[in-house]
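Chemist: My structure is stored as protein-v5.pdb, with PDB, C-alpha atoms, pLDDT in the B column.
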MODEL        1
ATOM      1  CA  MET A   5     222.683  73.691 160.841  1.00 54.00           C
ATOM      2  CA  VAL A   6     223.330  72.773 157.215  1.00 56.00           C
ATOM      3  CA  GLU A   7     226.932  73.923 157.477  1.00 58.00           C
ATOM      4  CA  VAL A   8     227.398  71.960 160.703  1.00 62.00           C
ATOM      5  CA  ASN A   9     226.009  68.880 159.013  1.00 61.00           C
ATOM      6  CA  SER A  10     228.315  69.496 156.044  1.00 68.00           C
ATOM      7  CA  VAL A  11     231.323  69.650 158.375  1.00 68.00           C
ATOM      8  CA  ASN A  12     230.090  66.479 160.042  1.00 64.00           C
ATOM      9  CA  LEU A  13     229.917  64.761 156.655  1.00 70.00           C
ATOM     10  CA  ILE A  14     233.445  65.871 155.782  1.00 73.00           C
ATOM     11  CA  ILE A  15     234.869  64.664 159.101  1.00 75.00           C
ATOM     12  CA  THR A  16     232.996  61.365 158.798  1.00 73.00           C
ATOM     13  CA  SER A  17     234.315  60.917 155.276  1.00 74.00           C
ATOM     14  CA  ILE A  18     237.887  61.609 156.357  1.00 77.00           C
ATOM     15  CA  ILE A  19     237.621  58.994 159.094  1.00 77.00           C
ATOM     16  CA  LYS A  20     235.765  56.397 157.058  1.00 78.00           C
ATOM     17  CA  ASP A  21     236.727  56.919 153.397  1.00 77.00           C
ATOM     18  CA  VAL A  22     240.334  58.095 153.386  1.00 77.00           C
ATOM     19  CA  PRO A  23     241.828  54.900 154.895  1.00 79.00           C
ATOM     20  CA  VAL A  24     240.210  52.762 152.171  1.00 77.00           C
ATOM     21  CA  ARG A  25     240.664  55.369 149.414  1.00 79.00           C
ATOM     22  CA  THR A  26     236.969  55.865 148.676  1.00 79.00           C
ATOM     23  CA  PHE A  27     234.889  59.017 148.259  1.00 78.00           C
ATOM     24  CA  PRO A  28     232.103  60.562 150.380  1.00 76.00           C
ATOM     25  CA  TYR A  29     229.597  59.913 147.588  1.00 73.00           C
ATOM     26  CA  ARG A  30     229.483  58.109 144.266  1.00 77.00           C
ATOM     27  CA  LEU A  31     231.564  59.721 141.558  1.00 76.00           C
ATOM     28  CA  TRP A  32     231.936  59.043 137.870  1.00 77.00           C
ATOM     29  CA  ILE A  33     235.617  59.320 137.017  1.00 77.00           C
ATOM     30  CA  PRO A  34     236.565  58.876 133.338  1.00 76.00           C
ATOM     31  CA  PHE A  35     239.895  57.235 134.189  1.00 73.00           C
ATOM     32  CA  ASN A  36     241.419  54.746 136.584  1.00 75.00           C
ATOM     33  CA  TYR A  37     242.688  56.827 139.451  1.00 71.00           C
ATOM     34  CA  THR A  38     245.789  55.974 141.425  1.00 72.00           C
ATOM     35  CA  VAL A  39     246.859  56.886 144.936  1.00 69.00           C
ATOM     36  CA  SER A  40     248.444  60.110 143.732  1.00 72.00           C
ATOM     37  CA  SER A  41     245.412  61.184 141.691  1.00 77.00           C
ATOM     38  CA  TYR A  42     243.120  60.242 144.587  1.00 78.00           C
ATOM     39  CA  TRP A  43     244.481  63.162 146.602  1.00 81.00           C
ATOM     40  CA  VAL A  44     243.479  65.474 143.766  1.00 81.00           C
ATOM     41  CA  ILE A  45     239.968  64.086 143.289  1.00 81.00           C
ATOM     42  CA  TYR A  46     239.094  63.750 146.968  1.00 81.00           C
ATOM     43  CA  PRO A  47     239.540  67.476 147.851  1.00 81.00           C
ATOM     44  CA  ALA A  48     237.461  68.339 144.777  1.00 82.00           C
ATOM     45  CA  ALA A  49     234.681  66.092 146.087  1.00 81.00           C
ATOM     46  CA  LEU A  50     234.803  67.813 149.473  1.00 81.00           C
ATOM     47  CA  THR A  51     234.738  71.191 147.742  1.00 81.00           C
ATOM     48  CA  GLY A  52     231.547  70.137 145.969  1.00 78.00           C
ATOM     49  CA  ILE A  53     229.922  69.334 149.320  1.00 75.00           C
ATOM     50  CA  THR A  54     230.960  72.709 150.732  1.00 78.00           C
ATOM     51  CA  LEU A  55     229.695  74.671 147.734  1.00 79.00           C
ATOM     52  CA  ALA A  56     226.391  72.782 147.666  1.00 75.00           C
ATOM     53  CA  SER A  57     225.749  73.410 151.370  1.00 74.00           C
ATOM     54  CA  THR A  58     226.702  77.093 151.038  1.00 76.00           C
ATOM     55  CA  PHE A  59     224.319  77.575 148.116  1.00 76.00           C
ATOM     56  CA  HIS A  60     221.641  75.757 150.096  1.00 72.00           C
ATOM     57  CA  VAL A  61     222.015  78.153 153.023  1.00 75.00           C
ATOM     58  CA  PHE A  62     222.057  81.201 150.745  1.00 78.00           C
ATOM     59  CA  HIS A  63     218.868  80.076 149.003  1.00 75.00           C
ATOM     60  CA  ASP A  64     216.978  79.587 152.272  1.00 75.00           C
ATOM     61  CA  ALA A  65     218.299  82.825 153.777  1.00 80.00           C
ATOM     62  CA  PHE A  66     217.306  84.812 150.686  1.00 83.00           C
ATOM     63  CA  ILE A  67     213.695  83.587 150.644  1.00 82.00           C
ATOM     64  CA  THR A  68     213.205  83.953 154.393  1.00 83.00           C
ATOM     65  CA  GLY A  69     214.792  87.405 154.143  1.00 86.00           C
ATOM     66  CA  LEU A  70     212.062  88.420 151.703  1.00 87.00           C
ATOM     67  CA  PHE A  71     209.468  87.126 154.155  1.00 87.00           C
ATOM     68  CA  LEU A  72     211.051  89.190 156.926  1.00 88.00           C
ATOM     69  CA  THR A  73     211.026  92.280 154.713  1.00 89.00           C
ATOM     70  CA  LEU A  74     207.286  91.899 154.228  1.00 89.00           C
ATOM     71  CA  CYS A  75     206.825  91.459 157.984  1.00 89.00           C
ATOM     72  CA  VAL A  76     208.771  94.642 158.715  1.00 89.00           C
ATOM     73  CA  GLN A  77     206.780  96.646 156.176  1.00 88.00           C
ATOM     74  CA  LEU A  78     203.509  95.370 157.640  1.00 87.00           C
ATOM     75  CA  LYS A  79     204.697  96.344 161.122  1.00 87.00           C
ATOM     76  CA  ILE A  80     205.436  99.840 159.824  1.00 85.00           C
ATOM     77  CA  LEU A  81     201.849 100.108 158.605  1.00 83.00           C
ATOM     78  CA  ARG A  82     200.563  98.880 161.955  1.00 83.00           C
ATOM     79  CA  THR A  83     202.729 101.449 163.763  1.00 82.00           C
ATOM     80  CA  ARG A  84     201.192 104.217 161.684  1.00 78.00           C
ATOM     81  CA  ILE A  85     197.762 103.040 162.785  1.00 75.00           C
ATOM     82  CA  THR A  86     198.838 103.012 166.434  1.00 71.00           C
ATOM     83  CA  ASN A  87     200.268 106.535 166.128  1.00 70.00           C
ATOM     84  CA  LYS A  88     197.032 107.731 164.462  1.00 66.00           C
ATOM     85  CA  GLN A  89     198.929 108.823 161.357  1.00 63.00           C
ATOM     86  CA  ILE A  90     196.491 106.935 159.165  1.00 65.00           C
ATOM     87  CA  PHE A  91     193.566 109.158 160.151  1.00 65.00           C
ATOM     88  CA  LYS A  92     194.851 111.994 158.009  1.00 66.00           C
ATOM     89  CA  VAL A  93     193.307 112.278 154.550  1.00 58.00           C
ATOM     90  CA  LYS A  94     196.543 111.949 152.599  1.00 67.00           C
ATOM     91  CA  SER A  95     197.814 109.227 154.914  1.00 71.00           C
ATOM     92  CA  ILE A  96     194.808 107.033 154.150  1.00 73.00           C
ATOM     93  CA  HIS A  97     195.607 107.030 150.439  1.00 76.00           C
ATOM     94  CA  LYS A  98     199.303 106.451 151.109  1.00 80.00           C
ATOM     95  CA  PHE A  99     198.385 103.596 153.428  1.00 78.00           C
ATOM     96  CA  LEU A 100     196.316 101.933 150.711  1.00 79.00           C
ATOM     97  CA  GLU A 101     199.070 102.400 148.135  1.00 82.00           C
ATOM     98  CA  HIS A 102     201.636 100.947 150.528  1.00 84.00           C
ATOM     99  CA  TYR A 103     199.463  97.959 151.410  1.00 84.00           C
ATOM    100  CA  ASN A 104     198.544  97.277 147.778  1.00 84.00           C
ATOM    101  CA  LEU A 105     202.219  97.353 146.854  1.00 88.00           C
ATOM    102  CA  LEU A 106     203.048  94.870 149.614  1.00 86.00           C
ATOM    103  CA  LYS A 107     200.248  92.593 148.487  1.00 87.00           C
ATOM    104  CA  GLN A 108     201.504  92.702 144.903  1.00 87.00           C
ATOM    105  CA  CYS A 109     205.032  91.903 146.078  1.00 87.00           C
ATOM    106  CA  ALA A 110     203.719  88.994 148.138  1.00 87.00           C
ATOM    107  CA  GLN A 111     201.767  87.665 145.170  1.00 87.00           C
ATOM    108  CA  LEU A 112     204.807  87.939 142.899  1.00 88.00           C
ATOM    109  CA  LEU A 113     206.981  86.207 145.500  1.00 85.00           C
ATOM    110  CA  ASN A 114     204.417  83.448 145.905  1.00 84.00           C
ATOM    111  CA  GLU A 115     204.261  82.866 142.154  1.00 84.00           C
ATOM    112  CA  THR A 116     208.059  82.740 142.019  1.00 84.00           C
ATOM    113  CA  ILE A 117     208.688  80.282 144.835  1.00 80.00           C
ATOM    114  CA  VAL A 118     205.547  78.152 144.582  1.00 81.00           C
ATOM    115  CA  TYR A 119     207.259  75.321 142.709  1.00 80.00           C
ATOM    116  CA  VAL A 120     210.376  75.625 144.863  1.00 78.00           C
ATOM    117  CA  ILE A 121     208.285  75.135 147.991  1.00 78.00           C
ATOM    118  CA  PHE A 122     206.411  72.248 146.397  1.00 80.00           C
ATOM    119  CA  MET A 123     209.628  70.464 145.450  1.00 79.00           C
ATOM    120  CA  GLN A 124     211.014  71.183 148.915  1.00 75.00           C
ATOM    121  CA  TYR A 125     208.037  69.570 150.608  1.00 75.00           C
ATOM    122  CA  ALA A 126     207.926  66.608 148.237  1.00 77.00           C
ATOM    123  CA  THR A 127     211.670  65.980 148.474  1.00 77.00           C
ATOM    124  CA  SER A 128     211.733  66.442 152.240  1.00 74.00           C
ATOM    125  CA  CYS A 129     208.906  63.953 152.779  1.00 74.00           C
ATOM    126  CA  PHE A 130     210.616  61.399 150.551  1.00 78.00           C
ATOM    127  CA  VAL A 131     214.087  61.841 152.040  1.00 75.00           C
ATOM    128  CA  VAL A 132     212.788  61.912 155.620  1.00 75.00           C
ATOM    129  CA  GLY A 133     211.180  58.531 155.032  1.00 76.00           C
ATOM    130  CA  LEU A 134     214.408  57.142 153.589  1.00 76.00           C
ATOM    131  CA  SER A 135     216.436  58.603 156.459  1.00 73.00           C
ATOM    132  CA  VAL A 136     214.206  56.945 159.041  1.00 75.00           C
ATOM    133  CA  CYS A 137     214.495  53.597 157.246  1.00 77.00           C
ATOM    134  CA  ARG A 138     218.259  54.002 157.102  1.00 74.00           C
ATOM    135  CA  LEU A 139     218.503  54.877 160.793  1.00 73.00           C
ATOM    136  CA  VAL A 140     216.593  51.732 161.721  1.00 75.00           C
ATOM    137  CA  ASN A 141     219.120  49.550 159.887  1.00 76.00           C
ATOM    138  CA  MET A 142     222.253  51.346 161.128  1.00 73.00           C
ATOM    139  CA  ASN A 143     224.398  50.674 164.166  1.00 74.00           C
ATOM    140  CA  TYR A 144     224.902  53.377 166.771  1.00 71.00           C
ATOM    141  CA  GLY A 145     228.659  53.132 166.374  1.00 69.00           C
ATOM    142  CA  ASP A 146     228.563  53.811 162.640  1.00 69.00           C
ATOM    143  CA  PRO A 147     230.117  57.240 161.851  1.00 65.00           C
ATOM    144  CA  ALA A 148     227.361  57.838 159.298  1.00 68.00           C
ATOM    145  CA  TYR A 149     224.693  57.481 162.001  1.00 73.00           C
ATOM    146  CA  LEU A 150     225.321  60.966 163.376  1.00 72.00           C
ATOM    147  CA  PHE A 151     225.386  62.421 159.871  1.00 70.00           C
ATOM    148  CA  THR A 152     222.025  60.832 159.020  1.00 74.00           C
ATOM    149  CA  ILE A 153     220.448  62.281 162.160  1.00 77.00           C
ATOM    150  CA  GLY A 154     221.871  65.704 161.343  1.00 73.00           C
ATOM    151  CA  TYR A 155     220.609  65.495 157.782  1.00 73.00           C
ATOM    152  CA  TYR A 156     217.161  64.506 159.048  1.00 76.00           C
ATOM    153  CA  ILE A 157     217.082  67.521 161.382  1.00 78.00           C
ATOM    154  CA  CYS A 158     218.216  69.836 158.567  1.00 75.00           C
ATOM    155  CA  LEU A 159     215.325  68.747 156.370  1.00 76.00           C
ATOM    156  CA  LEU A 160     212.811  69.361 159.140  1.00 79.00           C
ATOM    157  CA  LEU A 161     214.305  72.761 159.960  1.00 79.00           C
ATOM    158  CA  GLN A 162     214.313  73.822 156.329  1.00 77.00           C
ATOM    159  CA  THR A 163     210.629  73.015 155.999  1.00 79.00           C
ATOM    160  CA  PHE A 164     209.941  74.687 159.341  1.00 83.00           C
ATOM    161  CA  TYR A 165     211.637  77.919 158.228  1.00 80.00           C
ATOM    162  CA  TYR A 166     209.306  78.388 155.288  1.00 81.00           C
ATOM    163  CA  CYS A 167     206.225  77.602 157.369  1.00 83.00           C
ATOM    164  CA  TRP A 168     207.310  79.841 160.242  1.00 86.00           C
ATOM    165  CA  PHE A 169     208.079  82.947 158.198  1.00 85.00           C
ATOM    166  CA  GLY A 170     205.060  82.427 155.952  1.00 85.00           C
ATOM    167  CA  ASN A 171     202.943  82.233 159.099  1.00 87.00           C
ATOM    168  CA  GLU A 172     204.539  85.438 160.426  1.00 88.00           C
ATOM    169  CA  VAL A 173     203.532  87.333 157.280  1.00 88.00           C
ATOM    170  CA  THR A 174     199.962  86.076 157.655  1.00 87.00           C
ATOM    171  CA  VAL A 175     199.856  87.053 161.335  1.00 87.00           C
ATOM    172  CA  GLU A 176     201.244  90.537 160.695  1.00 87.00           C
ATOM    173  CA  SER A 177     198.734  91.197 157.913  1.00 86.00           C
ATOM    174  CA  SER A 178     195.924  90.055 160.222  1.00 84.00           C
ATOM    175  CA  ASN A 179     197.195  92.362 162.970  1.00 84.00           C
ATOM    176  CA  ILE A 180     196.648  95.363 160.699  1.00 83.00           C
ATOM    177  CA  ARG A 181     192.925  94.671 160.620  1.00 80.00           C
ATOM    178  CA  ASP A 182     192.838  94.212 164.393  1.00 79.00           C
ATOM    179  CA  SER A 183     194.810  97.425 164.936  1.00 80.00           C
ATOM    180  CA  ILE A 184     192.364  99.423 162.835  1.00 78.00           C
ATOM    181  CA  TYR A 185     189.435  97.947 164.729  1.00 78.00           C
ATOM    182  CA  GLY A 186     191.095  98.774 168.053  1.00 76.00           C
ATOM    183  CA  SER A 187     191.884 102.361 167.079  1.00 73.00           C
ATOM    184  CA  GLU A 188     189.752 105.437 167.755  1.00 71.00           C
ATOM    185  CA  TRP A 189     187.916 105.209 164.440  1.00 69.00           C
ATOM    186  CA  TYR A 190     184.652 106.186 166.106  1.00 70.00           C
ATOM    187  CA  SER A 191     185.907 109.755 166.569  1.00 72.00           C
ATOM    188  CA  LEU A 192     186.262 110.369 162.825  1.00 71.00           C
ATOM    189  CA  ASP A 193     183.826 112.126 160.553  1.00 72.00           C
ATOM    190  CA  LYS A 194     181.691 110.271 158.010  1.00 75.00           C
ATOM    191  CA  THR A 195     184.048 110.876 155.092  1.00 73.00           C
ATOM    192  CA  ARG A 196     187.021 109.354 156.844  1.00 73.00           C
ATOM    193  CA  LEU A 197     184.883 106.563 158.239  1.00 75.00           C
ATOM    194  CA  ARG A 198     184.052 105.514 154.688  1.00 78.00           C
ATOM    195  CA  ASP A 199     187.775 105.459 153.938  1.00 73.00           C
ATOM    196  CA  ILE A 200     188.402 103.350 157.034  1.00 76.00           C
ATOM    197  CA  VAL A 201     185.675 100.923 155.954  1.00 78.00           C
ATOM    198  CA  MET A 202     187.335 100.668 152.547  1.00 78.00           C
ATOM    199  CA  ILE A 203     190.667  99.902 154.219  1.00 77.00           C
ATOM    200  CA  MET A 204     189.042  97.282 156.442  1.00 79.00           C
ATOM    201  CA  GLN A 205     187.576  95.585 153.391  1.00 79.00           C
ATOM    202  CA  ARG A 206     190.956  95.650 151.697  1.00 78.00           C
ATOM    203  CA  VAL A 207     192.864  94.127 154.625  1.00 79.00           C
ATOM    204  CA  SER A 208     190.115  91.672 155.605  1.00 79.00           C
ATOM    205  CA  THR A 209     191.877  88.916 153.642  1.00 81.00           C
ATOM    206  CA  PRO A 210     195.339  88.322 155.148  1.00 83.00           C
ATOM    207  CA  ILE A 211     198.398  87.767 152.998  1.00 85.00           C
ATOM    208  CA  GLN A 212     199.074  84.061 152.636  1.00 85.00           C
ATOM    209  CA  PHE A 213     201.649  82.011 150.775  1.00 83.00           C
ATOM    210  CA  SER A 214     200.197  78.887 149.217  1.00 80.00           C
ATOM    211  CA  CYS A 215     201.871  75.947 147.538  1.00 75.00           C
ATOM    212  CA  THR A 216     200.096  74.978 144.303  1.00 69.00           C
ATOM    213  CA  GLN A 217     196.768  75.404 146.142  1.00 70.00           C
ATOM    214  CA  LEU A 218     197.529  72.280 148.187  1.00 74.00           C
ATOM    215  CA  PHE A 219     198.378  73.955 151.477  1.00 77.00           C
ATOM    216  CA  VAL A 220     199.291  77.300 152.988  1.00 79.00           C
ATOM    217  CA  LEU A 221     202.667  78.048 154.535  1.00 80.00           C
ATOM    218  CA  SER A 222     201.756  78.092 158.207  1.00 80.00           C
ATOM    219  CA  LEU A 223     202.565  76.313 161.436  1.00 81.00           C
ATOM    220  CA  ASP A 224     199.409  74.235 161.079  1.00 80.00           C
ATOM    221  CA  SER A 225     200.654  72.930 157.730  1.00 76.00           C
ATOM    222  CA  PHE A 226     203.982  71.998 159.311  1.00 75.00           C
ATOM    223  CA  LYS A 227     202.242  70.091 162.105  1.00 74.00           C
ATOM    224  CA  GLN A 228     200.202  68.150 159.604  1.00 68.00           C
TER     225      GLN A 228
ENDMDL
END
Reformat the file's structure so that it appears as C-alpha cells.

Modeler:
Amino acid sequence: MVEVNSVNLIITSIIKDVPVRTFPYRLWIPFNYTVSSYWVIYPAALTGITLASTFHVFHDAFITGLFLTLCVQLKILRTRITNKQIFKVKSIHKFLEHYNLLKQCAQLLNETIVYVIFMQYATSCFVVGLSVCRLVNMNYGDPAYLFTIGYYICLLLQTFYYCWFGNEVTVESSNIRDSIYGSEWYSLDKTRLRDIVMIMQRVSTPIQFSCTQLFVLSLDSFKQ
C-alpha cells in the first residue's frame, strides 16, 4: 500500500509539478536552478520518495516478521501439547526452556521497539488529523486528493499491522494455557502433575507488547 501510494505521488507530481517546473515537496537548493538543472534535481527528488517508501516498507515488514516468528514458535509449543509430547519428563523441562526463551525474546523486542511504536502512534494521530482537515478543504478534482486519501489509509494500515500482530502473539500465548488445560493432564502421576502446575503458572500471564505502559498492542487498542 505504501509503494502504491508512492507511485501515486510520483504520477501526481509529474502531472501537476512538471508543467510548472516545481517539485513534489519543498527542497532547499543552494543555487538558482535553470530548466536544464531542473531535470537533474527532479529525478533526485523522486528517488528520495522511492527510497523513503522502500525503507518504510522494510521497517514494517521486519518488525511484523519478528511478531510472526514468535507466533510460529508458540504454535510449535502448542502442537507439542496436542501431540502429548510435553508429558514426558525431559520434554517438560525443554518446554519450559523454550517458553522462557520466547518470553525473553519478546521482552527484548518490546524494549527495542517501544519508542518506535510510541512515535508511530503519536505521529499517525497527528498526521491523520491534518489529513482529514486537508481533505475537507480540497476539491475532488485535485490530483492531490487521491494521494491524501491513500496516505491516510497507509497510516491506518501501518498502525493496524502492529496491533494485529501484537494481538496474535498474545492470543497464541493464551492458547498454550488453554491447550494444557484441555489435555489429558488428569492421567499423569503426581510428579508430572506438579510440573504441569508449574507450567500453568508460568504461562498464566500471556505475552503482551506494551507501548510505554500507555496501551497494549491489540485490536482493542486500535479500535480505541

Chemist: Measuring atom to atom with all atoms listed in the file, identify which of A:Ser225, A:Ser214, A:Ser191, A:Thr51 is nearest to A:Tyr119.

Modeler: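 Among the listed residues, the smallest separation from A:Tyr119 belongs to A:Ser214.
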
Chemist: Where's the centre, and what are the edge lengths in Å to one decimal, of a box along x, y and z enclosing all listed atoms of stretch 105-115 of chain A padded 3 Å per side, as AutoDock Vina command-line options?

Modeler:
--center_x 203.6 --center_y 90.1 --center_z 145.9 --size_x 12.7 --size_y 20.5 --size_z 13.5

Chemist: Residue by residue, what does the PyMOL selection byres ((chain A and resi 109-115) around 8) grab here? Present the result as a tab-separated table (two decimals) with C-alpha atoms, keeping the file's coordinate frame.

Modeler:
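Just written: result-v8.tsv:
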chain	number	residue	atom	x	y	z
A	74	LEU	CA	207.29	91.90	154.23
A	105	LEU	CA	202.22	97.35	146.85
A	106	LEU	CA	203.05	94.87	149.61
A	107	LYS	CA	200.25	92.59	148.49
A	108	GLN	CA	201.50	92.70	144.90
A	116	THR	CA	208.06	82.74	142.02
A	117	ILE	CA	208.69	80.28	144.84
A	118	VAL	CA	205.55	78.15	144.58
A	211	ILE	CA	198.40	87.77	153.00
A	213	PHE	CA	201.65	82.01	150.78
A	214	SER	CA	200.20	78.89	149.22

Chemist: Please indicate the distance in Å from atom CA of A:Ser95 to atom CA of A:Pro210, rounded to one decimal place.

Modeler: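 It comes out at 21.1 Å.
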
Chemist: Hey, which of A:His97, A:His63, A:Arg181, A:Arg30 ends up closest to A:Leu78? Count all atoms listed in the file.

Modeler: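 Answer, going by the shortest atom-to-atom distance: A:Arg181.
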
Chemist: Calculated over only C-alpha atoms, which of the candidates A:Ile15, A:Cys75, A:Leu100, A:Trp32 has the smallest distance to A:Asp199?

Modeler: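 Residue with the minimum atom-to-atom distance to A:Asp199: A:Leu100.
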
Chemist: When you draw a straight line from atom CA of A:Leu160 to atom CA of A:Cys215, how long is it in Å?

Modeler: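 Separation between atom CA of A:Leu160 and atom CA of A:Cys215: 17.3 Å.
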
Chemist: Determine the nearest neighbour of A:Val136 from the options A:Ile18, A:Leu31, A:Ile203, A:Ile157, counting all atoms listed in the file.

Modeler: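 Residue with the minimum atom-to-atom distance to A:Val136: A:Ile157.
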
Chemist: Apply the PyMOL selection byres ((chain A and resi 86) around 10) to the displayed file and report the matching residues as a PyMOL selection string.

Modeler: chain A and resi 80-85+87-90+180+183-184+186-188

Chemist: Evaluating the PyMOL selection byres ((chain A and resi 217-223) around 7) on the displayed file yields which residues, as a list in words?

Modeler: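 On this input, the PyMOL selection byres ((chain A and resi 217-223) around 7) captures Tyr166, Cys167, Trp168, Gly170, Asn171, Gln212, Phe213, Ser214, Cys215, Thr216, Asp224, Ser225, Phe226 and Lys227 of chain A.
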
Chemist: Could you state the separation of atom CA of A:Val131 and atom CA of A:Phe59 in Å, given to one decimal place?

Modeler: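 Computing the Euclidean distance for atom CA of A:Val131 and atom CA of A:Phe59 yields 19.2 Å.
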
Chemist: Restricting the calculation to all atoms listed in the file, which member of A:Ile19, A:Leu72, A:Val61, A:Ile96 is positioned closest to A:Met202?

Modeler: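 Looking only at the distances to A:Met202, the closest residue turns out to be A:Ile96.
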
Chemist: Calculated over all atoms listed in the file, which of the candidates A:Thr152, A:Asn143, A:Asn36, A:Thr163 has the smallest distance to A:Val120?

Modeler: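 Result for the nearest residue to A:Val120: A:Thr163.
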
Chemist: Fewer than 5 positions away in the same chain doesn't count, so skip those; otherwise give me all residues within 10 Å of A:Leu50, counting all atoms listed in the file, as a CSV table (one decimal) with C-alpha atoms, keeping the file's coordinate frame.

Modeler:
chain,number,residue,atom,x,y,z
A,10,SER,CA,228.3,69.5,156.0
A,11,VAL,CA,231.3,69.6,158.4
A,13,LEU,CA,229.9,64.8,156.7
A,14,ILE,CA,233.4,65.9,155.8
A,17,SER,CA,234.3,60.9,155.3
A,18,ILE,CA,237.9,61.6,156.4
A,27,PHE,CA,234.9,59.0,148.3
A,28,PRO,CA,232.1,60.6,150.4
A,29,TYR,CA,229.6,59.9,147.6
A,45,ILE,CA,240.0,64.1,143.3
A,55,LEU,CA,229.7,74.7,147.7
A,56,ALA,CA,226.4,72.8,147.7
